[in-house]
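The file query.tsv comes next; it holds TSV, C-alpha atoms.
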chain	number	residue	atom	x	y	z
A	1	MET	CA	-0.81	-21.96	20.06
A	2	ARG	CA	-4.23	-20.27	20.11
A	3	SER	CA	-5.53	-19.30	23.55
A	4	ASN	CA	-7.94	-16.55	22.57
A	5	ASN	CA	-10.55	-15.77	19.92
A	6	PHE	CA	-8.68	-12.67	18.88
A	7	THR	CA	-5.11	-11.86	18.05
A	8	VAL	CA	-2.98	-8.77	17.65
A	9	ILE	CA	-1.10	-8.70	14.33
A	10	ILE	CA	2.06	-6.60	14.31
A	11	PRO	CA	4.00	-6.07	11.07
A	12	ALA	CA	7.61	-5.18	11.80
A	13	TYR	CA	10.62	-4.20	9.75
A	14	ASN	CA	13.83	-3.61	11.72
A	15	GLU	CA	12.00	-2.73	14.94
A	16	ALA	CA	14.53	-4.11	17.44
A	17	GLY	CA	14.45	-1.97	20.57
A	18	ARG	CA	10.80	-1.04	20.00
A	19	VAL	CA	8.88	-4.27	19.33
A	20	SER	CA	9.41	-5.70	22.84
A	21	SER	CA	8.07	-2.55	24.53
A	22	THR	CA	5.07	-2.58	22.15
A	23	ILE	CA	4.36	-6.20	23.14
A	24	ALA	CA	4.85	-5.36	26.84
A	25	GLY	CA	2.40	-2.46	26.42
A	26	ILE	CA	-0.24	-4.81	24.97
A	27	ARG	CA	0.32	-7.31	27.79
A	28	LYS	CA	-0.40	-4.59	30.36
A	29	SER	CA	-3.97	-4.10	29.16
A	30	ASN	CA	-4.97	-7.56	27.88
A	31	ASP	CA	-3.85	-11.15	27.34
A	32	ALA	CA	-4.43	-11.30	23.58
A	33	ASP	CA	-2.32	-13.65	21.48
A	34	ILE	CA	0.29	-11.65	19.58
A	35	ILE	CA	1.65	-12.42	16.12
A	36	VAL	CA	4.67	-10.45	14.89
A	37	ILE	CA	5.54	-10.67	11.20
A	38	SER	CA	9.09	-9.65	10.55
A	39	ASP	CA	9.32	-8.37	6.98
A	40	GLY	CA	12.85	-9.46	6.15
A	41	SER	CA	14.30	-7.57	9.12
A	42	THR	CA	18.08	-7.53	9.30
A	43	ASP	CA	18.25	-6.75	13.03
A	44	ASN	CA	17.09	-8.59	16.16
A	45	THR	CA	13.34	-7.93	15.63
A	46	SER	CA	12.36	-11.63	15.47
A	47	ARG	CA	14.44	-12.73	18.46
A	48	GLU	CA	13.20	-9.78	20.53
A	49	ALA	CA	9.55	-10.47	19.64
A	50	ARG	CA	9.93	-14.18	20.46
A	51	GLY	CA	11.59	-13.29	23.75
A	52	ALA	CA	8.65	-11.04	24.62
A	53	GLY	CA	6.27	-13.97	24.07
A	54	ALA	CA	4.88	-13.36	20.58
A	55	ASP	CA	4.41	-15.86	17.78
A	56	VAL	CA	6.81	-14.80	15.03
A	57	ILE	CA	6.54	-15.26	11.27
A	58	GLU	CA	9.61	-14.31	9.28
A	59	HIS	CA	9.52	-13.22	5.66
A	60	PRO	CA	12.71	-14.38	3.89
A	61	PHE	CA	12.98	-10.89	2.36
A	62	ASN	CA	11.15	-7.56	2.40
A	63	LEU	CA	7.68	-7.84	0.85
A	64	GLY	CA	6.12	-4.52	1.89
A	65	TYR	CA	3.78	-3.34	4.64
A	66	GLY	CA	0.54	-4.62	3.06
A	67	ALA	CA	1.97	-8.05	2.23
A	68	THR	CA	3.29	-8.31	5.80
A	69	LEU	CA	-0.11	-7.56	7.32
A	70	GLN	CA	-1.64	-10.03	4.87
A	71	SER	CA	0.70	-12.81	6.07
A	72	GLY	CA	-0.64	-12.08	9.56
A	73	PHE	CA	-4.28	-12.32	8.41
A	74	LYS	CA	-3.61	-15.57	6.53
A	75	TYR	CA	-1.92	-17.09	9.59
A	76	ALA	CA	-4.70	-15.84	11.90
A	77	MET	CA	-7.30	-17.46	9.66
A	78	LYS	CA	-5.33	-20.71	9.56
A	79	MET	CA	-5.20	-20.67	13.36
A	80	GLY	CA	-8.97	-20.09	13.55
A	81	TYR	CA	-9.05	-16.64	15.15
A	82	GLU	CA	-12.43	-14.89	14.95
A	83	TYR	CA	-11.12	-11.34	15.31
A	84	ALA	CA	-7.86	-9.49	14.75
A	85	ILE	CA	-6.30	-6.19	15.70
A	86	GLN	CA	-3.59	-4.77	13.47
A	87	MET	CA	-1.14	-2.36	15.01
A	88	ASP	CA	2.33	-1.01	14.28
A	89	ALA	CA	5.46	-2.19	16.06
A	90	ASP	CA	7.12	1.21	16.45
A	91	GLY	CA	5.11	2.38	19.46
A	92	GLN	CA	2.94	4.80	17.48
A	93	HIS	CA	-0.29	3.02	18.45
A	94	GLU	CA	-1.26	3.18	22.10
A	95	PRO	CA	-2.04	-0.37	23.35
A	96	SER	CA	-4.57	0.89	25.93
A	97	SER	CA	-6.80	1.91	22.97
A	98	ILE	CA	-7.21	-1.76	21.95
A	99	SER	CA	-10.33	-2.39	24.08
A	100	ALA	CA	-12.13	0.65	22.60
A	101	LEU	CA	-11.09	-0.50	19.12
A	102	ILE	CA	-12.24	-4.12	19.37
A	103	ALA	CA	-15.54	-3.54	21.28
A	104	PRO	CA	-17.76	-2.55	18.27
A	105	VAL	CA	-16.47	-5.60	16.31
A	106	LEU	CA	-17.04	-8.00	19.22
A	107	ASN	CA	-20.60	-6.59	19.59
A	108	ASP	CA	-21.17	-7.21	15.85
A	109	GLU	CA	-21.97	-3.53	15.45
A	110	VAL	CA	-19.51	-3.27	12.51
A	111	ASP	CA	-17.05	-5.49	10.58
A	112	VAL	CA	-14.05	-3.15	10.82
A	113	VAL	CA	-13.10	-0.42	13.27
A	114	ILE	CA	-10.50	2.13	12.19
A	115	GLY	CA	-8.63	3.89	14.96
A	116	SER	CA	-8.55	7.62	14.25
A	117	ARG	CA	-5.94	9.95	15.75
A	118	PHE	CA	-8.02	12.97	14.70
A	119	LEU	CA	-11.49	12.23	16.16
A	120	ASP	CA	-10.37	13.35	19.62
A	121	LYS	CA	-7.87	16.02	20.36
A	122	GLY	CA	-4.77	13.89	20.78
A	123	ASN	CA	-1.08	14.73	20.94
A	124	TYR	CA	-0.31	13.50	17.41
A	125	LYS	CA	1.69	16.01	15.41
A	126	ALA	CA	2.60	15.22	11.80
A	127	PRO	CA	4.87	17.34	9.61
A	128	PHE	CA	2.93	19.90	7.52
A	129	VAL	CA	3.22	18.13	4.14
A	130	ARG	CA	2.24	14.77	5.61
A	131	ARG	CA	-0.70	16.39	7.42
A	132	MET	CA	-1.87	17.97	4.16
A	133	GLY	CA	-1.64	14.55	2.48
A	134	MET	CA	-3.73	13.01	5.27
A	135	TYR	CA	-6.41	15.74	4.92
A	136	PHE	CA	-6.41	15.32	1.14
A	137	PHE	CA	-6.98	11.56	1.26
A	138	ALA	CA	-9.48	11.94	4.13
A	139	PHE	CA	-11.45	14.36	1.90
A	140	ILE	CA	-11.39	12.00	-1.11
A	141	THR	CA	-12.34	8.96	1.00
A	142	SER	CA	-15.19	10.87	2.66
A	143	LEU	CA	-16.42	12.09	-0.73
A	144	ILE	CA	-16.48	8.58	-2.25
A	145	THR	CA	-17.89	6.72	0.75
A	146	GLY	CA	-20.39	9.48	1.57
A	147	ARG	CA	-19.41	9.53	5.25
A	148	LYS	CA	-16.88	11.44	7.26
A	149	ILE	CA	-13.52	9.64	7.38
A	150	THR	CA	-10.91	11.48	9.42
A	151	ASP	CA	-7.92	9.11	9.33
A	152	PRO	CA	-7.77	6.93	6.18
A	153	THR	CA	-4.05	6.20	6.61
A	154	SER	CA	-4.54	4.60	10.04
A	155	GLY	CA	-2.93	1.20	10.45
A	156	PHE	CA	-4.59	0.70	13.84
A	157	GLN	CA	-7.68	-1.41	13.08
A	158	ALA	CA	-9.88	-4.15	14.50
A	159	LEU	CA	-11.66	-6.56	12.19
A	160	ASN	CA	-13.73	-9.71	12.11
A	161	LYS	CA	-13.23	-12.95	10.15
A	162	LYS	CA	-15.19	-11.76	7.08
A	163	VAL	CA	-12.85	-8.82	6.65
A	164	MET	CA	-9.81	-11.00	7.39
A	165	GLU	CA	-10.89	-13.19	4.45
A	166	PHE	CA	-11.16	-10.10	2.24
A	167	TYR	CA	-7.78	-8.76	3.41
A	168	ALA	CA	-6.25	-12.18	2.65
A	169	SER	CA	-7.42	-11.95	-0.99
A	170	ASP	CA	-5.52	-10.61	-4.01
A	171	ALA	CA	-7.50	-7.35	-3.81
A	172	TYR	CA	-5.45	-6.27	-0.78
A	173	PRO	CA	-2.53	-3.99	-1.77
A	174	ALA	CA	0.96	-5.38	-1.10
A	175	ASP	CA	2.53	-1.97	-0.44
A	176	TYR	CA	0.31	0.73	1.11
A	177	PRO	CA	-3.16	-0.41	2.21
A	178	ASP	CA	-4.76	2.93	3.15
A	179	ALA	CA	-7.59	5.02	1.68
A	180	ASP	CA	-8.06	2.62	-1.25
A	181	VAL	CA	-8.84	-0.24	1.17
A	182	ILE	CA	-11.49	1.84	2.97
A	183	ILE	CA	-13.10	2.55	-0.40
A	184	MET	CA	-12.92	-1.18	-1.25
A	185	LEU	CA	-14.61	-2.00	2.11
A	186	HIS	CA	-17.34	0.52	1.31
A	187	ARG	CA	-17.92	-0.88	-2.17
A	188	LYS	CA	-17.94	-4.47	-0.87
A	189	GLY	CA	-20.68	-3.51	1.61
A	190	PHE	CA	-18.67	-4.06	4.81
A	191	ARG	CA	-19.79	-2.11	7.88
A	192	PHE	CA	-17.07	0.11	9.29
A	193	LYS	CA	-16.62	3.01	11.66
A	194	GLU	CA	-13.89	5.14	13.16
A	195	VAL	CA	-13.26	5.38	16.88
A	196	PRO	CA	-10.88	7.80	18.58
A	197	VAL	CA	-7.53	6.27	19.58
A	198	VAL	CA	-4.32	7.66	20.96
A	199	MET	CA	-1.35	7.73	18.58
A	200	HIS	CA	2.14	8.91	19.40
A	201	ASN	CA	4.69	10.31	17.02
A	202	ALA	CA	6.80	7.40	15.79
A	203	ALA	CA	10.38	7.45	16.99
A	204	LYS	CA	11.87	6.53	13.65
A	205	ARG	CA	11.52	7.89	10.12
A	206	SER	CA	8.21	7.34	8.39
A	207	MET	CA	7.99	4.87	5.48
A	208	HIS	CA	6.95	7.88	3.38
A	209	GLY	CA	10.25	9.67	3.99
A	210	GLY	CA	12.41	11.13	1.21
A	211	LEU	CA	11.16	12.91	-1.91
A	212	LEU	CA	10.30	10.13	-4.36
A	213	LYS	CA	8.40	7.88	-1.96
A	214	PRO	CA	5.69	10.45	-1.07
A	215	LEU	CA	5.25	11.25	-4.78
A	216	TYR	CA	4.99	7.56	-5.64
A	217	TYR	CA	2.56	7.09	-2.72
A	218	ILE	CA	0.27	9.88	-4.03
A	219	PHE	CA	0.41	8.49	-7.60
A	220	LYS	CA	-0.23	4.91	-6.47
A	221	MET	CA	-3.04	5.83	-4.08
A	222	LEU	CA	-4.87	8.03	-6.59
A	223	LEU	CA	-4.57	5.36	-9.30
A	224	SER	CA	-5.68	2.65	-6.89
A	225	ILE	CA	-8.72	4.72	-5.78
A	226	PHE	CA	-9.57	5.48	-9.42
A	227	VAL	CA	-9.49	1.83	-10.55
A	228	THR	CA	-11.36	0.75	-7.41
A	229	ILE	CA	-14.20	3.08	-8.47
A	230	LEU	CA	-14.06	1.66	-12.01
A	231	ARG	CA	-14.38	-1.92	-10.76
A	232	LYS	CA	-17.91	-3.34	-10.70
A	233	GLU	CA	-18.03	-4.51	-7.09
B	234	MET	CA	3.68	18.32	-37.53
B	235	THR	CA	0.83	17.50	-39.89
B	236	ILE	CA	-2.70	16.98	-38.64
B	237	GLN	CA	-2.45	13.26	-39.55
B	238	GLN	CA	0.71	12.92	-37.43
B	239	LYS	CA	-1.02	14.72	-34.55
B	240	ILE	CA	-4.10	12.49	-34.71
B	241	PHE	CA	-1.93	9.35	-34.93
B	242	ALA	CA	0.29	10.34	-31.96
B	243	LEU	CA	-2.73	11.38	-29.90
B	244	ALA	CA	-4.51	8.08	-30.67
B	245	ILE	CA	-1.40	6.14	-29.57
B	246	GLY	CA	-1.08	8.17	-26.35
B	247	VAL	CA	-4.76	7.94	-25.38
B	248	GLY	CA	-4.96	4.28	-26.44
B	249	LEU	CA	-1.94	3.39	-24.30
B	250	PHE	CA	-3.45	5.25	-21.34
B	251	VAL	CA	-6.81	3.46	-21.62
B	252	VAL	CA	-5.21	0.00	-22.04
B	253	ILE	CA	-2.99	0.51	-18.96
B	254	ILE	CA	-5.89	1.70	-16.77
B	255	GLU	CA	-8.01	-1.25	-17.95
B	256	LEU	CA	-5.19	-3.73	-17.15
B	257	VAL	CA	-4.84	-2.24	-13.64
B	258	ARG	CA	-8.62	-2.34	-13.18
B	259	ARG	CA	-8.65	-6.06	-14.08
B	260	ARG	CA	-5.72	-6.63	-11.70
B	261	ARG	CA	-3.62	-7.91	-14.62
B	262	LEU	CA	-1.06	-5.16	-13.97
B	263	ALA	CA	-0.01	-3.82	-10.56
B	264	GLU	CA	-0.13	-0.06	-9.96
B	265	GLU	CA	3.61	-0.19	-9.29
B	266	TYR	CA	4.38	-1.35	-12.84
B	267	SER	CA	1.95	1.00	-14.54
B	268	PHE	CA	3.89	4.15	-13.59
B	269	LEU	CA	6.35	4.29	-16.51
B	270	TRP	CA	3.71	3.23	-19.04
B	271	LEU	CA	1.29	5.92	-17.91
B	272	LEU	CA	4.16	8.42	-18.00
B	273	THR	CA	4.88	7.39	-21.61
B	274	GLY	CA	1.26	7.71	-22.72
B	275	GLY	CA	0.83	10.97	-20.75
B	276	SER	CA	4.00	12.48	-22.25
B	277	ILE	CA	2.87	11.71	-25.81
B	278	ILE	CA	-0.49	13.40	-25.12
B	279	VAL	CA	1.20	16.45	-23.49
B	280	PHE	CA	3.67	16.86	-26.40
B	281	VAL	CA	0.95	16.67	-29.03
B	282	VAL	CA	-1.44	19.02	-27.21
B	283	TRP	CA	1.30	21.44	-26.06
B	284	TYR	CA	3.10	21.67	-29.39
B	285	ASP	CA	5.29	24.62	-28.35
B	286	LEU	CA	6.88	22.45	-25.65
B	287	LEU	CA	7.71	19.84	-28.29
B	288	LYS	CA	9.21	22.55	-30.55
B	289	TRP	CA	11.25	23.93	-27.66
B	290	LEU	CA	12.51	20.44	-26.85
B	291	THR	CA	13.33	19.85	-30.54
B	292	GLY	CA	15.50	22.98	-30.53
B	293	LEU	CA	17.07	21.99	-27.21
B	294	ILE	CA	18.21	18.53	-28.31
B	295	GLY	CA	19.02	19.71	-31.86
B	296	SER	CA	16.81	17.25	-33.73
B	297	LYS	CA	15.47	18.04	-37.23
B	298	THR	CA	11.71	17.81	-36.73
B	299	PRO	CA	9.29	17.56	-33.75
B	300	THR	CA	8.21	14.12	-35.00
B	301	THR	CA	11.81	12.91	-34.62
B	302	THR	CA	11.81	14.30	-31.05
B	303	LEU	CA	8.67	12.29	-30.27
B	304	PHE	CA	10.31	9.12	-31.60
B	305	ILE	CA	13.54	9.82	-29.70
B	306	PHE	CA	11.63	10.25	-26.43
B	307	GLY	CA	9.52	7.20	-27.18
B	308	PHE	CA	12.76	5.27	-27.62
B	309	ILE	CA	14.22	6.68	-24.38
B	310	PHE	CA	11.09	5.59	-22.49
B	311	MET	CA	11.38	2.10	-23.96
B	312	ILE	CA	14.99	1.90	-22.76
B	313	LEU	CA	13.94	3.09	-19.28
B	314	ILE	CA	11.09	0.57	-19.12
B	315	ASN	CA	13.44	-2.25	-20.18
B	316	LEU	CA	15.99	-1.17	-17.60
B	317	HIS	CA	13.24	-1.07	-14.95
B	318	TYR	CA	12.29	-4.67	-15.81
B	319	SER	CA	15.92	-5.80	-15.81
B	320	VAL	CA	16.30	-4.44	-12.27
B	321	LYS	CA	13.04	-6.12	-11.20
B	322	ILE	CA	14.02	-9.46	-12.81
B	323	THR	CA	17.39	-9.38	-11.06
B	324	LYS	CA	15.63	-8.84	-7.72
B	325	LEU	CA	13.03	-11.55	-8.46
B	326	ALA	CA	15.76	-14.05	-9.44
B	327	ALA	CA	17.55	-13.42	-6.13
B	328	GLN	CA	14.28	-13.80	-4.21
B	329	VAL	CA	13.36	-17.06	-5.99
B	330	LYS	CA	16.83	-18.42	-5.14
B	331	ASP	CA	16.35	-17.45	-1.46
B	332	LEU	CA	12.89	-19.05	-1.38
B	333	ALA	CA	14.13	-22.28	-3.02
B	334	GLN	CA	16.99	-22.51	-0.51
B	335	LYS	CA	14.65	-21.87	2.45
B	336	ALA	CA	12.14	-24.46	1.13
B	337	ALA	CA	14.94	-27.02	0.66
B	338	ILE	CA	16.31	-26.42	4.19
B	339	ASN	CA	12.77	-26.59	5.71
B	340	GLU	CA	12.19	-29.87	3.85
B	341	LYS	CA	15.43	-31.28	5.26
B	342	ASP	CA	14.40	-30.18	8.78
B	343	LYS	CA	11.10	-32.09	8.44
B	344	GLN	CA	12.86	-35.38	7.53

Starting from the file, lay out its structure as structure tokens.
Amino acid sequence: MRSNNFTVIIPAYNEAGRVSSTIAGIRKSNDADIIVISDGSTDNTSREARGAGADVIEHPFNLGYGATLQSGFKYAMKMGYEYAIQMDADGQHEPSSISALIAPVLNDEVDVVIGSRFLDKGNYKAPFVRRMGMYFFAFITSLITGRKITDPTSGFQALNKKVMEFYASDAYPADYPDADVIIMLHRKGFRFKEVPVVMHNAAKRSMHGGLLKPLYYIFKMLLSIFVTILRKE
Amino acid sequence: MTIQQKIFALAIGVGLFVVIIELVRRRRLAEEYSFLWLLTGGSIIVFVVWYDLLKWLTGLIGSKTPTTTLFIFGFIFMILINLHYSVKITKLAAQVKDLAQKAAINEKDKQ
């Protein structure tokens, strides 16, 4: 049931024990409608999210982070929401940053706001290799878009309906929507900006853990950025 | 390796690379599935350009000529790509079954 013009979209994969506190954190600062998309979770994520008062969509099996967010955007559009916030379920994104994130979109200043953990001096500490990766992709994204991007891997964003429509299209990556999506936004002519947000270190292992996944991530992201540049858009 | 063999192998490697990038650009092929193909094209180019590596590999696996080594590795890549698709098809078949069952149960719930 829609009771607001904006919704918070939370993709979740096996986040039992964390998703309810994330929802409670959002409830403390605002009364936004909350949609949790469980990406084939095998634990109590869905039940916990429902119990905390969120609308829950369940994927029958794991489809990936990007596809999970996209299910949220498609549902939000179907429900007629004008604006959406996307944030992670693991407690990494600080709910009190939501108002700072959504304000420029509500004021029609920009179409997308990306929450950056690096614009202000926060307490976010990433492992060295991951930090180097973030700097590398921040450099490439800044170079291509011609503006300073500090946190292209941020999954804490606010967006309007136009961007929701774009994110719901086939152009949106099913696995890792990061720097390549910012470059797509730039090439499509969407207005975007970064605002400082607070991010905490996630309690569980990152989705880029292990040895092969980070290598695949770098390959996929570079290829995706390269073909995005080649596309006439 | 004769100059004709080099030119032919290089043309195949570069051609494969360009076709794969173009398919990804047109969104006819997902980045995920392009990995092994790009690796195949890239390896052919590396072996032709870095001929000493190919000769070293020829000695290592005990094949007669570098051209045979290229064919052997081409064949190995084809096996890997086929295996990759077999794994993907198995997963897709299981997912289609799950979806069909869910759709059937949802349909029954609506009645």

Would you give me, as JSON lines, each residue of segment 243-318 of chain B having an atom within 12 Å of an atom of segment 206-230 of chain A, along with its shortest atom pair and that distance in Å to one decimal, using all atoms listed in the file and sorting by chain and residue number?
{"residue": "B:Val251", "atom": "CA", "partner": "A:Val227", "partner_atom": "CA", "distance": 11.5}
{"residue": "B:Ile253", "atom": "CA", "partner": "A:Val227", "partner_atom": "CA", "distance": 10.7}
{"residue": "B:Ile254", "atom": "CA", "partner": "A:Val227", "partner_atom": "CA", "distance": 7.2}
{"residue": "B:Glu255", "atom": "CA", "partner": "A:Val227", "partner_atom": "CA", "distance": 8.2}
{"residue": "B:Leu256", "atom": "CA", "partner": "A:Val227", "partner_atom": "CA", "distance": 9.6}
{"residue": "B:Val257", "atom": "CA", "partner": "A:Val227", "partner_atom": "CA", "distance": 6.9}
{"residue": "B:Arg258", "atom": "CA", "partner": "A:Val227", "partner_atom": "CA", "distance": 5.0}
{"residue": "B:Arg259", "atom": "CA", "partner": "A:Val227", "partner_atom": "CA", "distance": 8.7}
{"residue": "B:Arg260", "atom": "CA", "partner": "A:Val227", "partner_atom": "CA", "distance": 9.3}
{"residue": "B:Leu262", "atom": "CA", "partner": "A:Val227", "partner_atom": "CA", "distance": 11.5}
{"residue": "B:Ala263", "atom": "CA", "partner": "A:Ser224", "partner_atom": "CA", "distance": 9.4}
{"residue": "B:Glu264", "atom": "CA", "partner": "A:Lys220", "partner_atom": "CA", "distance": 6.1}
{"residue": "B:Glu265", "atom": "CA", "partner": "A:Lys220", "partner_atom": "CA", "distance": 7.0}
{"residue": "B:Tyr266", "atom": "CA", "partner": "A:Lys220", "partner_atom": "CA", "distance": 10.1}
{"residue": "B:Ser267", "atom": "CA", "partner": "A:Lys220", "partner_atom": "CA", "distance": 9.2}
{"residue": "B:Phe268", "atom": "CA", "partner": "A:Phe219", "partner_atom": "CA", "distance": 8.2}
{"residue": "B:Leu269", "atom": "CA", "partner": "A:Tyr216", "partner_atom": "CA", "distance": 11.4}
{"residue": "B:Leu271", "atom": "CA", "partner": "A:Leu223", "partner_atom": "CA", "distance": 10.4}
{"residue": "B:Leu272", "atom": "CA", "partner": "A:Phe219", "partner_atom": "CA", "distance": 11.1}

| message | So the first atom is atom CA of Arg147 of chain A and the second is atom CA of Asp120 of chain A; what is the distance between them in Å, to one decimal place? | response |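 Separation of atom CA of Arg147 of chain A and atom CA of Asp120 of chain A: 17.4 Å.
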
| field | Atom-to-atom span, atom CA of Gly292 of chain B and atom CA of Val279 of chain B, Å | value |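 Taking atom CA of Gly292 of chain B as the start and atom CA of Val279 of chain B as the end point, the length is 17.2 Å.
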
| Just how far from atom CA of Lys343 of chain B is atom CA of Pro60 of chain A, in Å to one decimal? |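 Answer for the atom CA of Pro60 of chain A to atom CA of Lys343 of chain B separation: 18.4 Å.
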
| query | Which of these, B:Ile240, B:Arg261, B:Ile314, B:Ser296, has the shortest distance to chain A once you count only C-alpha atoms? | reply | B:Arg261

| said: So that I can see what lies close to Val282 of chain B, please list as a VMD selection string the residues with an atom at most 12 Å from it, counting all atoms listed in the file and leaving out residues fewer than 2 positions away in the same chain. | reply: chain B and resid 234 236 239 to 240 242 to 244 246 to 247 275 to 280 284 to 288

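Distance annotation: of B:His317, B:Ala336, B:Asp331, B:Gln344, the residue with the minimal separation from chain A is B:Asp331; atom set is only C-alpha atoms.
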
| field | Counting only C-alpha atoms, the option among A:Val197, A:Ser96, A:Ile35, A:Asp90 closest to Lys121 of chain A | value |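 With only C-alpha atoms as the atom set, the closest residue is A:Val197.
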